[in-house]
Amino acid sequence: MDKTVLFIYGSLKRGHLNHHRIADQEYLGDAATDPNYRIIAIGKYGGLIRDDVNGVAVKGELWAVSQRGLLELDDFETSEGLWARFPLAVVGRDTAEAYFWTGEIPAGVLSGDEWPLKSAELGTRNSERKGDVRN
């Protein structure tokens, strides 16, 4: 049976609010993206965006997810229309996918390399960075 490798960076991670939604899948280990991404604060959740100008290596977990599990996660993650699953570059992996934030990026949004954001990142706002930040 084919499985999709997902990079998990927020509430689905072990020990977090929505982990039960992926707990029956195969944990592959901790991982980091290439430095072309960023997590932004979207209310009580983190949203992954692509940032080719000021990106960082985002920390998360890799999971091998069955087709059934992937359908359930897609329904959970994308039902609001503000998240979508896309490929991303993970250090040491040929292929992986993640759920990206596709909504508006608020001016001055807080961002960082790991969710929840660390206290040192809470003072850093997107408006203080140079260049574009985009999905």
# chains A, B, ... in the order shown; residues from 1 in each chain; ligands from 1
>>> residues_around(residues="A:Val91", least_positions_apart="3", cutoff="10 Å", atoms="only C-alpha atoms", output="ChimeraX atom specification")
/A:31-35,57,88,94-95
>>> atom_distance(atom1="atom CA of A:Glu77", atom2="atom CA of A:Asp2")
20.8 Å
>>> atom_distance(atom1="atom CA of A:Phe86", atom2="atom CA of A:Tyr99")
6.5 Å
>>> residues_around(residues="A:Arg21", least_positions_apart="4", cutoff="12 Å", atoms="only C-alpha atoms", output="mmCIF file with N, CA and C atoms, in the first residue's frame")
data_model
loop_
_atom_site.group_PDB
_atom_site.id
_atom_site.type_symbol
_atom_site.label_atom_id
_atom_site.label_comp_id
_atom_site.auth_asym_id
_atom_site.auth_seq_id
_atom_site.Cartn_x
_atom_site.Cartn_y
_atom_site.Cartn_z
ATOM 1 N N ILE A 8 4.622 17.506 9.204
ATOM 2 C CA ILE A 8 3.661 18.042 10.169
ATOM 3 C C ILE A 8 4.393 19.058 11.038
ATOM 4 N N SER A 11 -0.519 21.705 15.007
ATOM 5 C CA SER A 11 -1.373 21.040 15.993
ATOM 6 C C SER A 11 -1.479 19.528 15.803
ATOM 7 N N LEU A 12 -0.992 18.997 14.682
ATOM 8 C CA LEU A 12 -1.002 17.543 14.466
ATOM 9 C C LEU A 12 0.227 16.848 15.078
ATOM 10 N N LYS A 13 1.231 17.624 15.491
ATOM 11 C CA LYS A 13 2.447 17.030 16.057
ATOM 12 C C LYS A 13 2.139 16.271 17.347
ATOM 13 N N ARG A 14 3.037 15.352 17.659
ATOM 14 C CA ARG A 14 2.912 14.591 18.908
ATOM 15 C C ARG A 14 2.817 15.560 20.084
ATOM 16 N N GLY A 15 1.871 15.275 20.986
ATOM 17 C CA GLY A 15 1.708 16.104 22.175
ATOM 18 C C GLY A 15 0.861 17.345 21.969
ATOM 19 N N HIS A 16 0.311 17.532 20.769
ATOM 20 C CA HIS A 16 -0.482 18.730 20.490
ATOM 21 C C HIS A 16 -1.954 18.377 20.277
ATOM 22 N N LEU A 17 -2.774 19.402 20.233
ATOM 23 C CA LEU A 17 -4.227 19.313 20.244
ATOM 24 C C LEU A 17 -4.829 18.310 19.259
ATOM 25 N N GLN A 25 -0.959 6.609 12.284
ATOM 26 C CA GLN A 25 -0.095 6.526 11.109
ATOM 27 C C GLN A 25 1.342 6.278 11.561
ATOM 28 N N TRP A 63 5.643 11.974 8.768
ATOM 29 C CA TRP A 63 4.717 10.859 8.974
ATOM 30 C C TRP A 63 4.412 10.215 7.645
ATOM 31 N N VAL A 65 1.643 8.403 5.738
ATOM 32 C CA VAL A 65 0.199 8.386 5.925
ATOM 33 C C VAL A 65 -0.463 7.569 4.822
ATOM 34 N N ARG A 68 -6.261 6.330 3.138
ATOM 35 C CA ARG A 68 -7.437 6.594 3.979
ATOM 36 C C ARG A 68 -7.143 7.735 4.948
ATOM 37 N N GLY A 69 -5.982 7.663 5.603
ATOM 38 C CA GLY A 69 -5.581 8.709 6.535
ATOM 39 C C GLY A 69 -5.423 10.051 5.852
ATOM 40 N N LEU A 70 -4.879 10.031 4.646
ATOM 41 C CA LEU A 70 -4.680 11.257 3.893
ATOM 42 C C LEU A 70 -6.022 11.901 3.524
ATOM 43 N N LEU A 71 -6.981 11.103 3.116
ATOM 44 C CA LEU A 71 -8.321 11.636 2.809
ATOM 45 C C LEU A 71 -8.944 12.284 4.041
ATOM 46 N N GLU A 72 -8.804 11.634 5.199
ATOM 47 C CA GLU A 72 -9.347 12.193 6.438
ATOM 48 C C GLU A 72 -8.646 13.497 6.810
ATOM 49 N N LEU A 73 -7.321 13.518 6.679
ATOM 50 C CA LEU A 73 -6.572 14.738 6.994
ATOM 51 C C LEU A 73 -6.883 15.856 6.007
ATOM 52 N N ASP A 74 -7.003 15.512 4.725
ATOM 53 C CA ASP A 74 -7.371 16.529 3.730
ATOM 54 C C ASP A 74 -8.715 17.157 4.088
ATOM 55 N N ASP A 75 -9.670 16.329 4.471
ATOM 56 C CA ASP A 75 -10.990 16.841 4.838
ATOM 57 C C ASP A 75 -10.889 17.769 6.043
ATOM 58 N N PHE A 76 -10.118 17.361 7.045
ATOM 59 C CA PHE A 76 -9.944 18.165 8.255
ATOM 60 C C PHE A 76 -9.202 19.467 7.954
ATOM 61 N N GLU A 77 -8.083 19.386 7.235
ATOM 62 C CA GLU A 77 -7.215 20.547 7.024
ATOM 63 C C GLU A 77 -7.738 21.530 5.971
#
>>> closest_residue(among="A:Leu28, A:Ile39, A:Ala89, A:Ala98", to="A:Glu61", atoms="only C-alpha atoms")
A:Leu28
>>> select_by_dssp(residues="chain A", states="strand (DSSP E or B)", output="ChimeraX atom specification")
/A:3-8,26-33,37-42,45-50,56,59-66,83-87,90,97-101,110-112,125
>>> write_last_selection(atoms="N, CA and C atoms", output="compact mmCIF listing (two decimals), in the first residue's frame")
# COMPACT_ATOMS: atom_id res chain seq x y z
N LYS A 3 2.05 5.02 0.62
CA LYS A 3 1.83 6.02 1.66
C LYS A 3 2.42 7.34 1.21
N THR A 4 1.85 8.42 1.68
CA THR A 4 2.34 9.76 1.41
C THR A 4 3.11 10.24 2.62
N VAL A 5 4.29 10.81 2.39
CA VAL A 5 5.06 11.37 3.49
C VAL A 5 4.62 12.81 3.71
N LEU A 6 4.10 13.06 4.92
CA LEU A 6 3.64 14.40 5.29
C LEU A 6 4.60 15.02 6.30
N PHE A 7 4.88 16.29 6.08
CA PHE A 7 5.63 17.10 7.04
C PHE A 7 4.59 17.80 7.91
N ILE A 8 4.62 17.51 9.20
CA ILE A 8 3.66 18.04 10.17
C ILE A 8 4.39 19.06 11.04
N GLU A 26 2.27 6.19 10.61
CA GLU A 26 3.66 5.82 10.92
C GLU A 26 4.55 7.05 11.09
N TYR A 27 5.03 7.25 12.32
CA TYR A 27 5.96 8.34 12.62
C TYR A 27 7.33 8.00 12.06
N LEU A 28 7.91 8.90 11.25
CA LEU A 28 9.21 8.65 10.64
C LEU A 28 10.35 9.39 11.34
N GLY A 29 10.03 10.41 12.11
CA GLY A 29 11.07 11.14 12.83
C GLY A 29 10.93 12.64 12.70
N ASP A 30 11.76 13.33 13.47
CA ASP A 30 11.81 14.79 13.39
C ASP A 30 12.50 15.19 12.09
N ALA A 31 12.17 16.38 11.61
CA ALA A 31 12.72 16.84 10.32
C ALA A 31 12.72 18.36 10.27
N ALA A 32 13.39 18.88 9.25
CA ALA A 32 13.39 20.32 8.99
C ALA A 32 13.30 20.53 7.49
N THR A 33 12.65 21.61 7.11
CA THR A 33 12.54 21.96 5.70
C THR A 33 13.83 22.63 5.23
N TYR A 37 10.86 28.54 3.95
CA TYR A 37 9.51 28.52 4.50
C TYR A 37 9.48 29.31 5.79
N ARG A 38 8.29 29.44 6.34
CA ARG A 38 8.10 30.14 7.60
C ARG A 38 6.74 29.73 8.15
N ILE A 39 6.62 29.70 9.46
CA ILE A 39 5.31 29.48 10.09
C ILE A 39 4.81 30.83 10.58
N ILE A 40 3.56 31.16 10.22
CA ILE A 40 2.96 32.40 10.68
C ILE A 40 1.85 32.07 11.69
N ALA A 41 1.60 32.99 12.59
CA ALA A 41 0.57 32.81 13.60
C ALA A 41 -0.78 33.17 13.01
N ILE A 42 -1.65 32.15 12.94
CA ILE A 42 -3.02 32.33 12.46
C ILE A 42 -3.93 31.98 13.63
N TYR A 45 -3.41 28.77 15.75
CA TYR A 45 -2.71 27.78 14.92
C TYR A 45 -1.55 28.43 14.17
N GLY A 46 -0.64 27.59 13.71
CA GLY A 46 0.44 28.04 12.87
C GLY A 46 0.13 27.69 11.43
N GLY A 47 0.49 28.57 10.50
CA GLY A 47 0.28 28.32 9.08
C GLY A 47 1.61 28.35 8.34
N LEU A 48 1.88 27.33 7.56
CA LEU A 48 3.13 27.25 6.79
C LEU A 48 2.98 28.07 5.51
N ILE A 49 3.96 28.91 5.23
CA ILE A 49 4.00 29.66 3.97
C ILE A 49 5.38 29.49 3.35
N ARG A 50 5.45 29.69 2.06
CA ARG A 50 6.74 29.71 1.36
C ARG A 50 7.28 31.13 1.44
N VAL A 56 13.18 30.36 6.57
CA VAL A 56 13.96 29.66 7.58
C VAL A 56 13.70 28.17 7.43
N LYS A 59 10.95 23.51 11.60
CA LYS A 59 11.08 22.24 12.32
C LYS A 59 9.72 21.56 12.42
N GLY A 60 9.72 20.24 12.25
CA GLY A 60 8.48 19.49 12.36
C GLY A 60 8.74 18.00 12.44
N GLU A 61 7.74 17.23 12.03
CA GLU A 61 7.81 15.77 12.06
C GLU A 61 7.40 15.21 10.71
N LEU A 62 7.97 14.07 10.36
CA LEU A 62 7.56 13.37 9.14
C LEU A 62 6.72 12.16 9.53
N TRP A 63 5.64 11.97 8.77
CA TRP A 63 4.72 10.86 8.97
C TRP A 63 4.41 10.21 7.65
N ALA A 64 4.41 8.89 7.60
CA ALA A 64 3.96 8.14 6.43
C ALA A 64 2.47 7.88 6.65
N VAL A 65 1.64 8.40 5.74
CA VAL A 65 0.20 8.39 5.92
C VAL A 65 -0.46 7.57 4.82
N SER A 66 -1.35 6.68 5.22
CA SER A 66 -2.10 5.85 4.27
C SER A 66 -3.06 6.71 3.46
N TRP A 83 -6.42 26.26 3.52
CA TRP A 83 -5.24 25.41 3.61
C TRP A 83 -5.25 24.48 2.40
N ALA A 84 -4.08 24.14 1.91
CA ALA A 84 -3.98 23.20 0.79
C ALA A 84 -2.69 22.40 0.95
N ARG A 85 -2.72 21.17 0.47
CA ARG A 85 -1.55 20.29 0.56
C ARG A 85 -0.71 20.45 -0.69
N PHE A 86 0.58 20.76 -0.49
CA PHE A 86 1.53 20.93 -1.59
C PHE A 86 2.84 20.23 -1.25
N PRO A 87 3.64 19.92 -2.27
CA PRO A 87 5.00 19.41 -2.01
C PRO A 87 5.86 20.49 -1.35
N VAL A 90 12.24 18.99 2.10
CA VAL A 90 12.66 18.61 3.45
C VAL A 90 14.08 18.09 3.36
N GLU A 97 5.11 16.25 1.56
CA GLU A 97 4.05 17.23 1.36
C GLU A 97 3.67 17.82 2.70
N ALA A 98 3.03 18.98 2.66
CA ALA A 98 2.58 19.64 3.89
C ALA A 98 1.34 20.46 3.59
N TYR A 99 0.62 20.80 4.63
CA TYR A 99 -0.53 21.69 4.50
C TYR A 99 -0.05 23.12 4.65
N PHE A 100 -0.28 23.92 3.60
CA PHE A 100 0.14 25.32 3.56
C PHE A 100 -1.05 26.23 3.80
N TRP A 101 -0.79 27.36 4.44
CA TRP A 101 -1.77 28.42 4.58
C TRP A 101 -1.91 29.11 3.22
N LEU A 110 3.11 37.57 13.23
CA LEU A 110 4.23 36.94 13.91
C LEU A 110 4.61 35.68 13.15
N SER A 111 5.91 35.37 13.11
CA SER A 111 6.35 34.18 12.37
C SER A 111 7.62 33.62 12.99
N GLY A 112 7.94 32.38 12.57
CA GLY A 112 9.14 31.74 13.07
C GLY A 112 9.38 30.40 12.41
N ARG A 125 8.00 40.59 13.78
CA ARG A 125 6.83 40.64 12.92
C ARG A 125 7.27 40.63 11.47
>>> select_by_dssp(residues="stretch 12-134 of chain A", states="alpha helix (DSSP H)", output="PyMOL selection string")
chain A and resi 67-78
>>> atom_distance(atom1="atom CA of A:Gly108", atom2="atom CA of A:Gly43")
13.4 Å
